[in-house]
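Structure data follow from entry-v2.cif (mmCIF, C-alpha atoms):
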data_upload
loop_
_atom_site.label_atom_id
_atom_site.label_comp_id
_atom_site.auth_asym_id
_atom_site.auth_seq_id
_atom_site.Cartn_x
_atom_site.Cartn_y
_atom_site.Cartn_z
CA MET S 1 21.37 -4.52 7.51
CA HIS S 2 20.39 -8.00 6.33
CA LYS S 3 17.79 -8.22 3.59
CA ARG S 4 15.46 -10.36 5.68
CA THR S 5 15.52 -7.75 8.46
CA LYS S 6 14.56 -5.03 5.97
CA ILE S 7 11.66 -7.15 4.77
CA LYS S 8 10.43 -7.69 8.34
CA ILE S 9 10.53 -3.94 8.98
CA ALA S 10 8.62 -3.32 5.74
CA ILE S 11 5.97 -5.87 6.72
CA PHE S 12 5.52 -4.19 10.12
CA VAL S 13 5.09 -0.78 8.47
CA LEU S 14 2.58 -2.27 6.02
CA VAL S 15 0.56 -3.72 8.91
CA VAL S 16 0.40 -0.25 10.47
CA GLY S 17 -0.65 1.24 7.12
CA MET S 18 -3.39 -1.37 6.66
CA ALA S 19 -4.69 -0.72 10.17
CA CYS S 20 -4.85 3.02 9.44
CA MET S 21 -6.72 2.46 6.17
CA PHE S 22 -9.21 0.06 7.74
CA THR S 23 -9.83 2.55 10.57
CA ALA S 24 -10.42 5.35 8.06
CA VAL S 25 -12.88 3.28 6.01
CA VAL S 26 -15.07 2.16 8.93
CA THR S 27 -15.19 5.47 10.83
CA ASP S 28 -17.08 8.66 10.02
CA HIS S 29 -14.78 11.49 11.12
CA TRP S 30 -13.31 12.40 7.74
CA ALA S 31 -14.63 15.97 7.87
CA VAL S 32 -16.48 18.17 10.37
CA LEU S 33 -18.86 20.89 9.17
CA SER S 34 -20.20 23.78 11.26
CA PRO S 35 -22.96 26.32 10.54
CA GLN S 36 -22.95 29.93 11.66
CA VAL S 37 -24.01 30.62 15.25
CA HIS S 38 -26.67 33.35 15.31
CA LYS S 39 -27.56 33.27 18.99
CA LEU S 40 -25.85 32.03 22.12
CA ASN S 41 -27.49 29.92 24.83
CA GLU S 42 -29.26 27.97 22.08
CA THR S 43 -28.58 24.72 20.28
CA CYS S 44 -26.89 24.56 16.90
CA GLU S 45 -26.33 21.63 14.57
CA ALA S 46 -22.83 20.52 13.51
CA ALA S 47 -22.06 17.48 11.39
CA HIS S 48 -19.30 14.99 10.77
CA PHE S 49 -19.26 12.32 8.09
CA GLY S 50 -17.24 9.60 6.45
CA LEU S 51 -17.60 7.30 3.47
CA TRP S 52 -20.78 5.62 4.63
CA ARG S 53 -22.49 7.70 7.29
CA LEU S 54 -23.48 11.25 8.22
CA CYS S 55 -23.84 12.25 11.86
CA LYS S 56 -25.52 15.46 13.00
CA LYS S 57 -24.97 16.69 16.52
CA HIS S 58 -27.07 19.24 18.44
CA ILE S 59 -24.71 21.31 20.59
CA TYR S 60 -25.77 23.85 23.19
CA MET S 61 -23.63 26.95 22.66
CA THR S 62 -22.75 29.09 25.65
CA PRO S 63 -20.55 32.21 25.80
CA GLU S 64 -17.80 30.05 27.32
CA ASN S 65 -17.83 27.63 24.37
CA TYR S 66 -18.26 30.14 21.56
CA VAL S 67 -15.20 31.38 19.68
CA GLU S 68 -15.83 34.47 17.57
CA GLY S 69 -15.37 33.85 13.87
CA HIS S 70 -15.96 30.10 14.21
CA GLY S 71 -19.12 28.11 13.67
CA CYS S 72 -21.00 25.68 15.85
CA GLY S 73 -18.78 23.47 17.96
CA PRO S 74 -16.28 22.09 18.57
CA ILE S 75 -17.79 18.73 17.72
CA SER S 76 -16.34 17.23 20.91
CA LEU S 77 -18.85 19.16 23.05
CA PRO S 78 -21.67 17.07 24.51
CA GLY S 79 -24.95 16.88 22.66
CA ASP S 80 -27.55 14.63 21.07
CA GLU S 81 -26.22 12.87 17.97
CA ASN S 82 -28.19 11.32 15.13
CA CYS S 83 -26.40 9.24 12.47
CA THR S 84 -27.81 8.06 9.13
CA TYR S 85 -26.16 5.94 6.45
CA PHE S 86 -25.71 7.25 2.94
CA ARG S 87 -27.77 5.24 0.48
CA HIS S 88 -24.89 4.71 -1.90
CA PHE S 89 -26.18 1.83 -3.95
CA THR S 90 -29.95 2.37 -3.79
CA PRO S 91 -31.16 3.38 -7.26
CA GLY S 92 -33.89 5.94 -7.79
CA GLN S 93 -33.20 7.85 -4.58
CA ASP S 94 -32.72 11.63 -4.54
CA THR S 95 -31.65 11.96 -0.92
CA GLU S 96 -31.45 15.40 0.63
CA ILE S 97 -28.32 15.66 2.80
CA PHE S 98 -26.82 18.78 4.36
CA GLU S 99 -30.18 20.52 3.67
CA TYR S 100 -29.52 20.89 -0.04
CA LYS S 101 -28.95 18.54 -2.94
CA THR S 102 -26.26 16.11 -1.85
CA GLN S 103 -23.00 15.54 -3.67
CA LYS S 104 -23.87 11.86 -3.80
CA GLU S 105 -21.62 11.03 -6.73
CA TYR S 106 -18.54 12.09 -4.73
CA ASN S 107 -19.35 9.78 -1.85
CA ILE S 108 -20.03 6.87 -4.20
CA SER S 109 -16.66 7.39 -5.88
CA ALA S 110 -14.70 7.74 -2.63
CA ALA S 111 -16.36 4.67 -1.11
CA ALA S 112 -15.83 2.53 -4.22
CA ILE S 113 -12.16 3.53 -4.50
CA SER S 114 -11.59 2.74 -0.82
CA ILE S 115 -13.01 -0.75 -1.43
CA PHE S 116 -10.48 -1.20 -4.24
CA SER S 117 -7.77 -0.15 -1.78
CA LEU S 118 -8.92 -2.81 0.69
CA GLY S 119 -8.96 -5.38 -2.11
CA PHE S 120 -5.38 -4.58 -3.09
CA MET S 121 -4.34 -4.85 0.56
CA ILE S 122 -5.91 -8.31 0.79
CA LEU S 123 -4.11 -9.45 -2.37
CA GLY S 124 -0.83 -8.05 -1.09
CA SER S 125 -1.31 -9.78 2.25
CA LEU S 126 -1.91 -13.12 0.50
CA CYS S 127 1.30 -12.66 -1.48
CA LEU S 128 3.21 -11.86 1.71
CA LEU S 129 1.75 -14.92 3.38
CA GLY S 130 2.84 -17.07 0.47
CA SER S 131 6.30 -15.50 0.60
CA CYS S 132 6.65 -16.25 4.31
CA THR S 133 5.54 -19.88 3.95
CA GLY S 134 7.34 -20.60 0.66
CA LYS S 135 10.87 -21.81 0.07
CA GLY S 136 13.72 -20.84 -2.24
CA LYS S 137 13.14 -18.48 -5.14
CA GLY S 138 9.38 -18.55 -4.63
CA ARG S 139 9.74 -16.44 -1.51
CA ASP S 140 11.42 -13.57 -3.33
CA TYR S 141 9.18 -13.90 -6.38
CA LEU S 142 5.98 -13.27 -4.38
CA LEU S 143 7.44 -10.10 -2.87
CA LYS S 144 7.20 -8.39 -6.27
CA PRO S 145 3.40 -8.62 -6.68
CA ALA S 146 2.98 -7.92 -2.96
CA GLY S 147 4.89 -4.65 -3.32
CA MET S 148 2.85 -3.67 -6.38
CA PHE S 149 -0.47 -4.48 -4.70
CA PHE S 150 0.38 -2.40 -1.63
CA ALA S 151 1.57 0.49 -3.81
CA PHE S 152 -1.73 0.33 -5.73
CA ALA S 153 -3.61 0.31 -2.40
CA GLY S 154 -1.77 3.48 -1.40
CA LEU S 155 -2.66 5.15 -4.71
CA CYS S 156 -6.34 4.23 -4.26
CA SER S 157 -6.20 5.70 -0.76
CA PHE S 158 -4.81 8.95 -2.18
CA ILE S 159 -7.52 9.13 -4.87
CA SER S 160 -10.21 8.53 -2.25
CA LEU S 161 -8.73 11.35 -0.14
CA GLU S 162 -8.77 13.74 -3.08
CA VAL S 163 -12.35 12.85 -4.01
CA MET S 164 -13.46 13.47 -0.43
CA ARG S 165 -11.55 16.75 -0.34
CA GLN S 166 -13.27 17.92 -3.53
CA SER S 167 -16.63 16.88 -2.07
CA VAL S 168 -16.11 19.01 1.05
CA LYS S 169 -14.86 21.92 -1.05
CA ARG S 170 -17.89 21.80 -3.32
CA MET S 171 -20.29 21.64 -0.38
CA ILE S 172 -18.69 24.62 1.34
CA GLU S 173 -18.65 26.72 -1.83
CA SER S 174 -22.28 25.96 -2.71
CA GLU S 175 -24.67 28.91 -2.55
CA ASP S 176 -27.28 26.74 -0.83
CA THR S 177 -25.06 25.51 1.98
CA ILE S 178 -25.50 26.42 5.63
CA TRP S 179 -21.91 25.48 6.52
CA ILE S 180 -19.34 28.23 7.00
CA ASP S 181 -16.56 26.34 8.74
CA TYR S 182 -14.97 22.94 8.21
CA TYR S 183 -11.89 20.92 9.01
CA TYR S 184 -10.62 17.43 8.29
CA SER S 185 -10.67 15.13 11.28
CA TRP S 186 -8.80 12.05 12.50
CA SER S 187 -10.31 9.57 10.04
CA PHE S 188 -8.95 11.71 7.22
CA ALA S 189 -5.56 11.75 8.97
CA CYS S 190 -5.64 7.94 9.17
CA ALA S 191 -6.26 7.74 5.42
CA CYS S 192 -3.37 10.15 4.76
CA THR S 193 -1.08 8.04 6.94
CA SER S 194 -2.13 4.85 5.16
CA PHE S 195 -1.38 6.42 1.77
CA VAL S 196 2.16 7.35 2.79
CA LEU S 197 2.93 4.04 4.50
CA LEU S 198 1.36 1.73 1.92
CA PHE S 199 2.69 3.47 -1.17
CA LEU S 200 6.26 4.08 0.00
CA THR S 201 6.64 0.71 1.73
CA GLY S 202 5.12 -1.07 -1.26
CA ILE S 203 7.75 0.54 -3.51
CA ALA S 204 10.46 -0.36 -0.98
CA LEU S 205 9.26 -3.98 -0.90
CA LEU S 206 9.34 -4.07 -4.70
CA ILE S 207 12.94 -2.78 -4.69
CA LEU S 208 13.97 -5.36 -2.08
CA SER S 209 12.62 -8.13 -4.28
CA MET S 210 14.74 -7.05 -7.25
CA PRO S 211 17.92 -8.97 -8.17
CA GLN S 212 21.10 -7.96 -6.39
CA MET S 213 23.01 -5.18 -8.12
CA PRO S 214 26.36 -6.27 -9.65
CA ARG S 215 29.40 -5.70 -7.46
CA ASN S 216 31.73 -5.13 -10.42
CA PRO S 217 31.21 -2.83 -13.44
CA TRP S 218 31.68 -5.70 -15.93
CA GLU S 219 28.95 -7.81 -14.37
CA THR S 220 25.28 -7.70 -15.30
CA CYS S 221 22.31 -8.13 -13.01
CA MET S 222 21.85 -11.62 -14.45
CA ASP S 223 25.45 -12.53 -13.60
CA ALA S 224 25.25 -11.32 -10.01
CA GLU S 225 24.61 -13.90 -7.35
CA PRO S 226 20.99 -13.84 -6.15
CA GLU S 227 20.48 -12.66 -2.60
CA GLN S 228 18.02 -14.94 -0.87
CA ALA S 229 15.86 -13.67 1.99
CA GLU S 230 16.70 -16.32 4.53
#
Show me the file's structure as structure tokens.
Amino acid sequence: MHKRTKIKIAIFVLVVGMACMFTAVVTDHWAVLSPQVHKLNETCEAAHFGLWRLCKKHIYMTPENYVEGHGCGPISLPGDENCTYFRHFTPGQDTEIFEYKTQKEYNISAAAISIFSLGFMILGSLCLLGSCTGKGKGRDYLLKPAGMFFAFAGLCSFISLEVMRQSVKRMIESEDTIWIDYYYSWSFACACTSFVLLFLTGIALLILSMPQMPRNPWETCMDAEPEQAE
């Protein structure tokens, strides 16, 4: 396969990875939390949240909807929903979320790291744009920083995922929590997908930008003829 074709495939995969990361950052279905259901034919309150917002949903539980051993939900059932934004950067606030002291520091960290991921994606996109519009050796040269920026974006995505996972784990294990059941939802899956696509494709793009390997054992990489991405 021609080198330029490989680069085009890598760019397409990176676009998909960036779309997944952007979707994960702006949506609030990273995790779904459910309390215990004490009585049927009454409303219970489930919650789902993301990096910026918490949504609580009042769901009317009937015997047909209730699954023994599970909490309130599923979250897809109809009900009144109320969403509030986390006050990440408001100093002096001791916000009560999830009906006990919130793990605010986790959400601040995950949100900040996701912003770094978006920043690296923007820098990588600018390098790709310069590579596509440039000529000669400049085209291949800009692929190197582009690959590194996208790999860094993938790493930031992974760190944000782990911080969010630890946040959910700490909330569930707290003695003051009302939540007994949880699962990670589609926003979390989008972030996982973006990590895999951005990190691996960024490394692949970095490898594609490297000098051509020597064809003969007595040659060095400097002696080999450069392979231009036409």
field: Shell of 7 Å around segment 179-187 of chain S, all atoms listed in the file, local chain residues under 2 positions omitted, as a list of chain:residue names
entry: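 Counting all atoms listed in the file, the residues come to S:Ala24, S:Thr27, S:Asp28, S:His29, S:Trp30, S:Ala31, S:Val32, S:Leu33, S:Ser34, S:Pro35, S:Gln36, S:His70, S:Gly71, S:Ile172, S:Thr177, S:Ala189, S:Cys190, S:Ala191.
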message: Taking the file as I've supplied it (selection: the PyMOL selection byres ((chain S and resi 152) around 12)), which residues are included? Please answer as a PyMOL selection string.
response: chain S and resi 113-114+116-124+145-151+153-159+194-203+206
query: Using all atoms listed in the file, which residues sit within 12 Å of Pro63 of chain S once same-chain residues fewer than 2 positions away are excluded, as an MDAnalysis selection string?
result: chainID S and resid 37 39:42 60:61 65:68 72:73
- prompt: Mind pulling up the distance from atom CA of Gly50 of chain S to atom CA of Val25 of chain S?
  reply: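 Here the two named atoms are 7.7 Å from each other.
You will find atom CA of Leu126 of chain S at 20.5 Å from atom CA of Lys3 of chain S.
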query: By how many Å are atom CA of Pro74 of chain S and atom CA of Glu175 of chain S apart?
result: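 Result for atom CA of Pro74 of chain S versus atom CA of Glu175 of chain S: 23.7 Å, one decimal.
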message: Residue by residue, what does the PyMOL selection byres ((chain S and resi 78) around 12) grab here? Present the result as a list of chain:residue names.
response: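 Against this file, the PyMOL selection byres ((chain S and resi 78) around 12) returns the residues S:Thr43, S:Cys44, S:Glu45, S:Ala46, S:Lys57, S:His58, S:Ile59, S:Tyr60, S:Met61, S:Asn65, S:Gly73, S:Pro74, S:Ile75, S:Ser76, S:Leu77, S:Gly79, S:Asp80, S:Glu81.
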Please rebuild segment 173-194 of chain S with N, CA, C and O atoms and return the result as a PDB file, keeping the file's coordinate frame.
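Below is the file part_30.pdb, written as the result:
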ATOM      1  N   GLU S 173     -18.534  25.628  -0.868  1.00  0.00           N
ATOM      2  CA  GLU S 173     -18.650  26.720  -1.830  1.00  0.00           C
ATOM      3  C   GLU S 173     -20.029  26.850  -2.438  1.00  0.00           C
ATOM      4  O   GLU S 173     -20.293  27.805  -3.169  1.00  0.00           O
ATOM      5  N   SER S 174     -20.932  25.905  -2.148  1.00  0.00           N
ATOM      6  CA  SER S 174     -22.280  25.960  -2.710  1.00  0.00           C
ATOM      7  C   SER S 174     -23.046  27.163  -2.148  1.00  0.00           C
ATOM      8  O   SER S 174     -22.909  27.525  -0.974  1.00  0.00           O
ATOM      9  N   GLU S 175     -23.858  27.776  -2.994  1.00  0.00           N
ATOM     10  CA  GLU S 175     -24.670  28.910  -2.550  1.00  0.00           C
ATOM     11  C   GLU S 175     -25.783  28.488  -1.606  1.00  0.00           C
ATOM     12  O   GLU S 175     -26.301  29.315  -0.842  1.00  0.00           O
ATOM     13  N   ASP S 176     -26.167  27.228  -1.653  1.00  0.00           N
ATOM     14  CA  ASP S 176     -27.280  26.740  -0.830  1.00  0.00           C
ATOM     15  C   ASP S 176     -26.830  26.187   0.514  1.00  0.00           C
ATOM     16  O   ASP S 176     -27.660  25.758   1.308  1.00  0.00           O
ATOM     17  N   THR S 177     -25.529  26.164   0.766  1.00  0.00           N
ATOM     18  CA  THR S 177     -25.060  25.510   1.980  1.00  0.00           C
ATOM     19  C   THR S 177     -25.284  26.372   3.218  1.00  0.00           C
ATOM     20  O   THR S 177     -25.353  27.607   3.140  1.00  0.00           O
ATOM     21  N   ILE S 178     -25.406  25.718   4.359  1.00  0.00           N
ATOM     22  CA  ILE S 178     -25.500  26.420   5.630  1.00  0.00           C
ATOM     23  C   ILE S 178     -24.180  26.394   6.376  1.00  0.00           C
ATOM     24  O   ILE S 178     -24.031  27.007   7.425  1.00  0.00           O
ATOM     25  N   TRP S 179     -23.173  25.671   5.823  1.00  0.00           N
ATOM     26  CA  TRP S 179     -21.910  25.480   6.520  1.00  0.00           C
ATOM     27  C   TRP S 179     -20.939  26.603   6.185  1.00  0.00           C
ATOM     28  O   TRP S 179     -20.751  26.960   5.028  1.00  0.00           O
ATOM     29  N   ILE S 180     -20.322  27.156   7.204  1.00  0.00           N
ATOM     30  CA  ILE S 180     -19.340  28.230   7.000  1.00  0.00           C
ATOM     31  C   ILE S 180     -17.948  27.818   7.437  1.00  0.00           C
ATOM     32  O   ILE S 180     -16.969  28.468   7.073  1.00  0.00           O
ATOM     33  N   ASP S 181     -17.847  26.753   8.203  1.00  0.00           N
ATOM     34  CA  ASP S 181     -16.560  26.340   8.740  1.00  0.00           C
ATOM     35  C   ASP S 181     -16.422  24.827   8.609  1.00  0.00           C
ATOM     36  O   ASP S 181     -17.405  24.097   8.742  1.00  0.00           O
ATOM     37  N   TYR S 182     -15.211  24.380   8.328  1.00  0.00           N
ATOM     38  CA  TYR S 182     -14.970  22.940   8.210  1.00  0.00           C
ATOM     39  C   TYR S 182     -13.517  22.648   8.527  1.00  0.00           C
ATOM     40  O   TYR S 182     -12.649  23.516   8.467  1.00  0.00           O
ATOM     41  N   TYR S 183     -13.265  21.406   8.874  1.00  0.00           N
ATOM     42  CA  TYR S 183     -11.890  20.920   9.010  1.00  0.00           C
ATOM     43  C   TYR S 183     -11.904  19.405   8.850  1.00  0.00           C
ATOM     44  O   TYR S 183     -12.928  18.746   9.051  1.00  0.00           O
ATOM     45  N   TYR S 184     -10.760  18.873   8.454  1.00  0.00           N
ATOM     46  CA  TYR S 184     -10.620  17.430   8.290  1.00  0.00           C
ATOM     47  C   TYR S 184     -10.201  16.814   9.615  1.00  0.00           C
ATOM     48  O   TYR S 184      -9.309  17.313  10.287  1.00  0.00           O
ATOM     49  N   SER S 185     -10.847  15.706   9.961  1.00  0.00           N
ATOM     50  CA  SER S 185     -10.670  15.130  11.280  1.00  0.00           C
ATOM     51  C   SER S 185      -9.767  13.900  11.235  1.00  0.00           C
ATOM     52  O   SER S 185      -9.072  13.643  10.251  1.00  0.00           O
ATOM     53  N   TRP S 186      -9.788  13.110  12.314  1.00  0.00           N
ATOM     54  CA  TRP S 186      -8.800  12.050  12.500  1.00  0.00           C
ATOM     55  C   TRP S 186      -8.963  10.890  11.523  1.00  0.00           C
ATOM     56  O   TRP S 186      -7.988  10.220  11.198  1.00  0.00           O
ATOM     57  N   SER S 187     -10.157  10.624  11.040  1.00  0.00           N
ATOM     58  CA  SER S 187     -10.310   9.570  10.040  1.00  0.00           C
ATOM     59  C   SER S 187      -9.580   9.947   8.745  1.00  0.00           C
ATOM     60  O   SER S 187      -8.955   9.101   8.094  1.00  0.00           O
ATOM     61  N   PHE S 188      -9.670  11.214   8.385  1.00  0.00           N
ATOM     62  CA  PHE S 188      -8.950  11.710   7.220  1.00  0.00           C
ATOM     63  C   PHE S 188      -7.443  11.592   7.426  1.00  0.00           C
ATOM     64  O   PHE S 188      -6.701  11.225   6.506  1.00  0.00           O
ATOM     65  N   ALA S 189      -6.985  11.887   8.659  1.00  0.00           N
ATOM     66  CA  ALA S 189      -5.560  11.750   8.970  1.00  0.00           C
ATOM     67  C   ALA S 189      -5.110  10.298   8.873  1.00  0.00           C
ATOM     68  O   ALA S 189      -3.993  10.004   8.414  1.00  0.00           O
ATOM     69  N   CYS S 190      -5.969   9.358   9.291  1.00  0.00           N
ATOM     70  CA  CYS S 190      -5.640   7.940   9.170  1.00  0.00           C
ATOM     71  C   CYS S 190      -5.485   7.541   7.701  1.00  0.00           C
ATOM     72  O   CYS S 190      -4.571   6.780   7.342  1.00  0.00           O
ATOM     73  N   ALA S 191      -6.366   8.048   6.850  1.00  0.00           N
ATOM     74  CA  ALA S 191      -6.260   7.740   5.420  1.00  0.00           C
ATOM     75  C   ALA S 191      -4.991   8.327   4.822  1.00  0.00           C
ATOM     76  O   ALA S 191      -4.346   7.690   3.980  1.00  0.00           O
ATOM     77  N   CYS S 192      -4.621   9.548   5.236  1.00  0.00           N
ATOM     78  CA  CYS S 192      -3.370  10.150   4.760  1.00  0.00           C
ATOM     79  C   CYS S 192      -2.167   9.313   5.182  1.00  0.00           C
ATOM     80  O   CYS S 192      -1.242   9.076   4.388  1.00  0.00           O
ATOM     81  N   THR S 193      -2.178   8.874   6.440  1.00  0.00           N
ATOM     82  CA  THR S 193      -1.080   8.040   6.940  1.00  0.00           C
ATOM     83  C   THR S 193      -0.993   6.730   6.181  1.00  0.00           C
ATOM     84  O   THR S 193       0.103   6.271   5.827  1.00  0.00           O
ATOM     85  N   SER S 194      -2.133   6.123   5.888  1.00  0.00           N
ATOM     86  CA  SER S 194      -2.130   4.850   5.160  1.00  0.00           C
ATOM     87  C   SER S 194      -1.587   5.041   3.747  1.00  0.00           C
ATOM     88  O   SER S 194      -0.870   4.170   3.238  1.00  0.00           O
TER      89      SER S 194
END
